[in-house]
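S.K.: Handing you this structure, nothing more for now.
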Amino acid sequence: MILEAKNVYKTYGNKWNKQEVLKGIDLNVEKGEFTSIMGPSGSGKTTLLNVLSSIDRPSRGSIEIEGKALTKMKDKQLAEFRKRHLGFIFQEYHLLDTLTVKENILLPLSVKKVSKREANEKFHAVAEELGITDIQDKYPNEISGGQKQRTSAARAFVHEPGLIFADEPTGALDSKSASDLLNKLSRLNEKRKATILMVTHDAAAASYSGRVIFIKDGQIYSQLHKGTESRQDFYQAILKTQAVLGGVQHDD
Amino acid sequence: MTINGLIYRNFKKNLPHYALYIFALAFSAALYFAFVTLQYAPSLAEVKSSVKGLAALKVASVLLIVIVAVFLFYANHLFMKRRSKEIGLFQLVGMTKKEVFRILGTENFLLYYGSLFAGIFFGFAASKLLMMLLLRIIQVETKVSLYFSMKAFGQTLLVFTIIFILILLINSIFIKRQTILSLFRTVSSTEDRAGRISKAGLLLGIIGFVCIGAGYYISSELFNGDFVTVRALYTAMISILALVIFGTYLFYKTSVRFVFYLIRKKKGGYLNIRDVMSLSAIMFRIRSNAVLLTIITTVSALAIGLLSLSYITFYSAEETAHNMTAADFSFIKTNEAKQFTERLNENNIPYEKEEIEVVRVTADLSSLFDKKSKDLKFDSKAVPIAVVSDAAVKGMDVKPGQAVFSGYSDALARFLPMKSEGMIDLTGKRKTARLRTVALRKDQVLSNYFSGSMPVLVTDDVLFQALKKDTDPKIQLNSNLFTGINLKKDEDLDKANQLFQSLHFPSDSFAYSSPEIIKMQKENMGVMMFIVGFLGLTFLVTSGCILYFKQMEESEEEKPAYTILRKLGFTMQDLTTGIRIKQLYNFGIPLLLGLAHSYFAVKSGWFFFGSELWTPMLIVMGLYTLFYSVFALLSVEGFKKAIRDSL
């Protein structure tokens, strides 16, 4: 078990004006799993991801990653933990405009005492797999959205973190770039045994993962396992659950 | 909500952003008011008559207002840019441009006149302080009263109102020109985002270095005698200025970027967090800030240079006086010396008297000068110099056949470089003696009546007596006996000077009082130093503020990057370390360049102003750096806040 969340609550606002976003979520992720979290807008997906990934703190409940209790750590320790053990892919790419593609990708390695040669090897391995070797000296404003997201993915993988969080990674991509990225993610998942936890509202994106967790109104609603199904069948199953889930339908 | 309500809320919300702007505006208003008050102050009447201080004060106040105006326009420009989004939003919800203008105008009005009146109030309070300071520097003793000048008040108000109207005009043009869409975009459009270095850029970068180097080189050659005519000198000065300013501009535009690019390339893409926060961030911005940084550097260099020069003069007053008199009081007529010593005895002031006989001879000094005598403005084969005996000079013993030059000051060393050893020939009426000079001493032996601002030759007594018998009457002066009187206690100097003054020696008797000369010098230079000092301070405050504003604007723009980095797990400490390095570059590069510029400027001509270079210059530079660092520290605090707020 790489991630274990028990009874996680998150409320915003003050005593008089409280808004509960997460209402007691229990969640486990095994090592090497590719898990998606789905749910309608406002169901608390992104809040859940922020809380699980230590960017935000839960109001109540406990979260353990690789056996370490995040909820007991101080801010500085949390940052240190994120830096070393977690990888992130965001919807808005979150690349630094002032750095080249290569510099952006190598950034997480700078905190570990990795030699320049080793860093280069790691970069080439991951850049090869994501097909961004050609653009390594370009700046983010010179490349396309798909390339930006692959750069962002490479940055998440390069330091071989235990767990990778992806927040709507395909949200800003066209369908071709999106499927391209997801193919690459699932291949990296298999090849590197990397654990990925992805938040999405896109059924097609979710169908690339091995398990889908549905949340609604801050609680876990149901789960689907891909098992031996084909991606197409899994996609249909996800759509059905989404329909049952109600809320706002997404036709993308 | 009514527009008035909106204005009120906006004003309250934006107040913290404007804190430093308010400070700078109030500071400059205070300074201007104080300056103008000084011009009209009755207590300055005395100074006015003795010194041409009034004209200097007037020029200074004009300069001051020019700097302040430029600063205010620039600050206003930055604020408008920062708030362009807000302006766009107002228009988006259907406000007319006129209403938007009214909101901003009212807000500006409150801010501007609020600070202005606060400034005038402080200026009023400070004017007495300034006055006391000024009088203290120039050593005039008179009573100072707090004096509110309506004339000064009116003038300050008028000048600042004109600036305000201009600001409003600029703002109205800014609002009129913008469409809703473009307003939303202003923030990012000004920065230059591409990162590659072209061959032409590389070349320009090298040219930048070459220009600055050439400017420095010409400045060090400026007074070496290569530029003889006023016109050549003038052309050289102008070209130095042009070369250095242009070079500075290219330096910021390309050179810095080029150097950083090399460092970055060496890292092969493997940057740590400190590099990310400093190197790459600066590379992206320094180019678009080139004009601003050039102005700041030039202005700082100007301020430091002027401050150094005036302080050098002030600082060297005593040495300059000593070079002239060679004693506390010096005389060329024995009866006048006797009158003075009698007065000293009457008043029980202990003193020491020395009398030195002087012979003037014609000397062939050509072996001591490097240059051919053609380049010198005199004939080095026949120089009239003063000779004294080593027996008359305390603590000196010169061997037969040898001689020592005394009174070789720093300034003289600059103008007339001499070798310390060489063979010289002394010619009296008939005979010629050949001597070996063995040393150059700084000590002044004779007043400048005898020395004629040349070093004085000290020989052994036997030779001196021989020269005395063989004098050429054509080159002898009226007096051949120097009398120097040194007081045993420094605290008697004032009293002794009063006694000296009461004797009313005629000016053609060349009786010198060193305390009087020092006083005159300080009086003359004090006003200059005072004015230049405060102008320098204004330069410093305004350029510091502008850099600070610019940095705060950057911190706003870089906030998203901080969010990313913090999400990735970089701690606030990681980022802050990077920011410190970045600010070290951002403030340090203009400062270092400004210091270098001013160093070369001062070095090229300091000897016209005084006799001490290093101590006064380093004091000025140190103080400037200290005050300037305050702004860098403030900006680091600002960045820290942006980092804290980013997650």
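Residue numbering restarts at 1 for every chain of the structure tokens, chains are lettered A, B, ... in their displayed order, and ligands are numbered from 1 as they appear.
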Which residues of chain A are close to chain B, meaning at most 6 Å apart when you count only C-alpha atoms, and how do they look as a list of chain:residue names?
M.R.: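 So the contacting residues turn out to be A:Ala79, A:Glu80, A:Arg82, A:Lys83, A:His94, A:Leu96, A:Thr98, A:Lys102, A:Glu103, A:Leu106, A:Ser110.
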S.K.: Which residues in segment 140-225 of chain A does DSSP call alpha helix (DSSP H)? List them as a VMD selection string.
M.R.: chain A and resid 145 to 158 175 to 191 203 to 206
S.K.: Which residues come within 12 Å of Thr133 of chain A, counting only C-alpha atoms, excluding same-chain residues fewer than 2 positions away, as a compact mmCIF listing (two decimals) with N, CA and C atoms, in the first residue's frame?
M.R.:
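This is the output file selection13.txt:
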```txt
# COMPACT_ATOMS: atom_id res chain seq x y z
N VAL A 101 12.76 23.65 -21.80
CA VAL A 101 12.10 22.38 -21.52
C VAL A 101 13.00 21.49 -20.67
N LYS A 102 14.25 21.40 -21.06
CA LYS A 102 15.16 20.54 -20.32
C LYS A 102 15.35 21.02 -18.88
N ILE A 105 12.43 20.19 -16.75
CA ILE A 105 12.34 18.77 -16.41
C ILE A 105 13.36 18.40 -15.34
N ASN A 120 21.63 13.80 -16.68
CA ASN A 120 21.49 13.77 -18.12
C ASN A 120 20.91 12.46 -18.63
N PHE A 123 17.29 12.29 -17.80
CA PHE A 123 16.54 13.17 -18.68
C PHE A 123 16.32 12.51 -20.04
N HIS A 124 17.40 11.94 -20.58
CA HIS A 124 17.27 11.37 -21.91
C HIS A 124 16.31 10.19 -21.92
N ALA A 125 16.35 9.38 -20.86
CA ALA A 125 15.46 8.24 -20.79
C ALA A 125 13.99 8.69 -20.82
N VAL A 126 13.68 9.67 -19.97
CA VAL A 126 12.28 10.07 -19.86
C VAL A 126 11.85 10.91 -21.07
N ALA A 127 12.76 11.70 -21.60
CA ALA A 127 12.42 12.53 -22.75
C ALA A 127 12.18 11.65 -23.97
N GLU A 128 12.97 10.58 -24.07
CA GLU A 128 12.80 9.62 -25.16
C GLU A 128 11.40 9.04 -25.12
N GLU A 129 11.02 8.57 -23.94
CA GLU A 129 9.72 7.91 -23.82
C GLU A 129 8.56 8.84 -24.11
N LEU A 130 8.73 10.13 -23.74
CA LEU A 130 7.64 11.08 -23.96
C LEU A 130 7.77 11.83 -25.28
N GLY A 131 8.84 11.53 -26.02
CA GLY A 131 9.00 12.14 -27.36
C GLY A 131 9.23 13.64 -27.33
N ILE A 135 12.71 19.02 -28.60
CA ILE A 135 12.36 20.39 -28.18
C ILE A 135 13.04 20.78 -26.87
N GLN A 136 14.06 20.03 -26.47
CA GLN A 136 14.61 20.25 -25.13
C GLN A 136 15.16 21.65 -24.88
N ASP A 137 15.60 22.36 -25.94
CA ASP A 137 16.16 23.69 -25.71
C ASP A 137 15.17 24.81 -25.98
N LYS A 138 13.90 24.43 -26.21
CA LYS A 138 12.90 25.46 -26.47
C LYS A 138 12.31 25.95 -25.15
N GLN A 147 2.79 19.37 -26.14
CA GLN A 147 4.21 19.27 -25.79
C GLN A 147 4.47 19.79 -24.38
N ARG A 150 3.44 17.13 -21.99
CA ARG A 150 4.40 16.02 -21.94
C ARG A 150 5.65 16.44 -21.17
N THR A 151 6.02 17.72 -21.33
CA THR A 151 7.15 18.23 -20.55
C THR A 151 6.83 18.15 -19.06
N ALA A 154 7.08 14.67 -17.96
CA ALA A 154 8.48 14.25 -17.83
C ALA A 154 9.05 14.76 -16.51
```
S.K.: Within 12 Å of Thr432 of chain B, counting only C-alpha atoms, which residues qualify if same-chain residues fewer than 4 places away don't, as a ChimeraX atom specification?
M.R.: /B:361-364,424-428,463,466-467,470-472
S.K.: Using backbone DSSP assignments, extract all strand (DSSP E) residues from segment 67-218 of chain A; output them as a ChimeraX atom specification.
M.R.: /A:68-69,86-89,163-167,195-199,211-216
S.K.: With N, CA and C atoms retained, export the selected residues as a PDB file, in the first residue's frame.
M.R.:
```pdb
ATOM      1  N   LYS A  68       4.340   7.034   5.790  1.00  0.00           N
ATOM      2  CA  LYS A  68       4.584   8.243   6.597  1.00  0.00           C
ATOM      3  C   LYS A  68       3.296   9.051   6.709  1.00  0.00           C
ATOM      4  N   ALA A  69       3.005   9.466   7.947  1.00  0.00           N
ATOM      5  CA  ALA A  69       1.758  10.195   8.180  1.00  0.00           C
ATOM      6  C   ALA A  69       1.939  11.659   7.808  1.00  0.00           C
ATOM      7  N   LEU A  86       7.099  12.883  -4.382  1.00  0.00           N
ATOM      8  CA  LEU A  86       5.902  13.016  -5.203  1.00  0.00           C
ATOM      9  C   LEU A  86       6.203  13.693  -6.540  1.00  0.00           C
ATOM     10  N   GLY A  87       5.356  13.359  -7.533  1.00  0.00           N
ATOM     11  CA  GLY A  87       5.451  14.035  -8.821  1.00  0.00           C
ATOM     12  C   GLY A  87       4.104  14.649  -9.161  1.00  0.00           C
ATOM     13  N   PHE A  88       4.114  15.745  -9.907  1.00  0.00           N
ATOM     14  CA  PHE A  88       2.854  16.430 -10.208  1.00  0.00           C
ATOM     15  C   PHE A  88       2.703  16.746 -11.691  1.00  0.00           C
ATOM     16  N   ILE A  89       1.469  16.552 -12.175  1.00  0.00           N
ATOM     17  CA  ILE A  89       1.118  17.041 -13.509  1.00  0.00           C
ATOM     18  C   ILE A  89      -0.156  17.864 -13.333  1.00  0.00           C
ATOM     19  N   LEU A 163       4.932   8.322  -6.013  1.00  0.00           N
ATOM     20  CA  LEU A 163       3.534   8.555  -6.357  1.00  0.00           C
ATOM     21  C   LEU A 163       3.427   9.809  -7.222  1.00  0.00           C
ATOM     22  N   ILE A 164       2.634   9.707  -8.313  1.00  0.00           N
ATOM     23  CA  ILE A 164       2.462  10.856  -9.189  1.00  0.00           C
ATOM     24  C   ILE A 164       1.016  11.303  -9.183  1.00  0.00           C
ATOM     25  N   PHE A 165       0.803  12.569  -8.918  1.00  0.00           N
ATOM     26  CA  PHE A 165      -0.552  13.120  -8.939  1.00  0.00           C
ATOM     27  C   PHE A 165      -0.763  13.896 -10.233  1.00  0.00           C
ATOM     28  N   ALA A 166      -1.901  13.625 -10.875  1.00  0.00           N
ATOM     29  CA  ALA A 166      -2.219  14.347 -12.106  1.00  0.00           C
ATOM     30  C   ALA A 166      -3.585  14.982 -11.961  1.00  0.00           C
ATOM     31  N   ASP A 167      -3.627  16.314 -12.090  1.00  0.00           N
ATOM     32  CA  ASP A 167      -4.880  17.042 -11.926  1.00  0.00           C
ATOM     33  C   ASP A 167      -5.391  17.466 -13.300  1.00  0.00           C
ATOM     34  N   THR A 195       3.316   4.680  -9.725  1.00  0.00           N
ATOM     35  CA  THR A 195       1.940   4.787  -9.249  1.00  0.00           C
ATOM     36  C   THR A 195       1.391   6.146  -9.652  1.00  0.00           C
ATOM     37  N   ILE A 196       0.210   6.147 -10.298  1.00  0.00           N
ATOM     38  CA  ILE A 196      -0.369   7.417 -10.750  1.00  0.00           C
ATOM     39  C   ILE A 196      -1.764   7.565 -10.178  1.00  0.00           C
ATOM     40  N   LEU A 197      -2.042   8.744  -9.627  1.00  0.00           N
ATOM     41  CA  LEU A 197      -3.392   9.056  -9.176  1.00  0.00           C
ATOM     42  C   LEU A 197      -3.846  10.284  -9.944  1.00  0.00           C
ATOM     43  N   MET A 198      -4.921  10.078 -10.773  1.00  0.00           N
ATOM     44  CA  MET A 198      -5.308  11.134 -11.693  1.00  0.00           C
ATOM     45  C   MET A 198      -6.732  11.600 -11.419  1.00  0.00           C
ATOM     46  N   VAL A 199      -6.932  12.891 -11.397  1.00  0.00           N
ATOM     47  CA  VAL A 199      -8.275  13.436 -11.267  1.00  0.00           C
ATOM     48  C   VAL A 199      -8.729  13.869 -12.657  1.00  0.00           C
ATOM     49  N   ARG A 211      -8.329   1.586 -12.475  1.00  0.00           N
ATOM     50  CA  ARG A 211      -9.425   1.649 -11.507  1.00  0.00           C
ATOM     51  C   ARG A 211      -9.965   3.065 -11.500  1.00  0.00           C
ATOM     52  N   VAL A 212     -11.273   3.214 -11.377  1.00  0.00           N
ATOM     53  CA  VAL A 212     -11.881   4.544 -11.324  1.00  0.00           C
ATOM     54  C   VAL A 212     -12.685   4.668 -10.042  1.00  0.00           C
ATOM     55  N   ILE A 213     -12.404   5.725  -9.295  1.00  0.00           N
ATOM     56  CA  ILE A 213     -13.166   5.995  -8.073  1.00  0.00           C
ATOM     57  C   ILE A 213     -14.075   7.178  -8.362  1.00  0.00           C
ATOM     58  N   PHE A 214     -15.375   6.993  -8.109  1.00  0.00           N
ATOM     59  CA  PHE A 214     -16.329   8.088  -8.340  1.00  0.00           C
ATOM     60  C   PHE A 214     -16.619   8.780  -7.024  1.00  0.00           C
ATOM     61  N   ILE A 215     -16.518  10.103  -7.021  1.00  0.00           N
ATOM     62  CA  ILE A 215     -16.966  10.786  -5.806  1.00  0.00           C
ATOM     63  C   ILE A 215     -18.071  11.759  -6.163  1.00  0.00           C
ATOM     64  N   LYS A 216     -18.943  11.944  -5.164  1.00  0.00           N
ATOM     65  CA  LYS A 216     -20.050  12.871  -5.359  1.00  0.00           C
ATOM     66  C   LYS A 216     -20.316  13.564  -4.036  1.00  0.00           C
TER      67      LYS A 216
END
```
S.K.: Can you tell me which residues surround Leu623 of chain B at a distance of at most 12 Å, considering only C-alpha atoms, apart from same-chain residues fewer than 3 positions away, and format the answer as a ChimeraX atom specification?
M.R.: /B:304,307-308,533,536-537,540,595,616-620,626-630
S.K.: Let me see the file: selected residues, C-alpha atoms, as an mmCIF file, in the first residue's frame.
M.R.:
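Here's the written file selection.cif:
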```
data_model
loop_
_atom_site.group_PDB
_atom_site.id
_atom_site.type_symbol
_atom_site.label_atom_id
_atom_site.label_comp_id
_atom_site.auth_asym_id
_atom_site.auth_seq_id
_atom_site.Cartn_x
_atom_site.Cartn_y
_atom_site.Cartn_z
ATOM 1 C CA ILE B 304 28.471 59.493 -6.030
ATOM 2 C CA LEU B 307 29.436 63.831 -3.553
ATOM 3 C CA SER B 308 32.975 62.471 -3.601
ATOM 4 C CA GLY B 533 24.763 66.177 -0.630
ATOM 5 C CA GLY B 536 22.692 63.069 -4.056
ATOM 6 C CA LEU B 537 20.304 61.931 -1.367
ATOM 7 C CA LEU B 540 19.482 57.904 -4.100
ATOM 8 C CA LEU B 595 30.564 52.989 -8.283
ATOM 9 C CA PRO B 616 36.813 60.922 1.390
ATOM 10 C CA MET B 617 35.856 58.932 -1.701
ATOM 11 C CA LEU B 618 35.581 55.654 0.162
ATOM 12 C CA ILE B 619 33.531 57.274 2.922
ATOM 13 C CA VAL B 620 31.080 58.639 0.366
ATOM 14 C CA LEU B 626 24.669 51.511 2.917
ATOM 15 C CA PHE B 627 21.626 53.659 2.159
ATOM 16 C CA TYR B 628 21.119 51.977 -1.167
ATOM 17 C CA SER B 629 21.119 48.525 0.463
ATOM 18 C CA VAL B 630 18.093 49.537 2.497
#
```
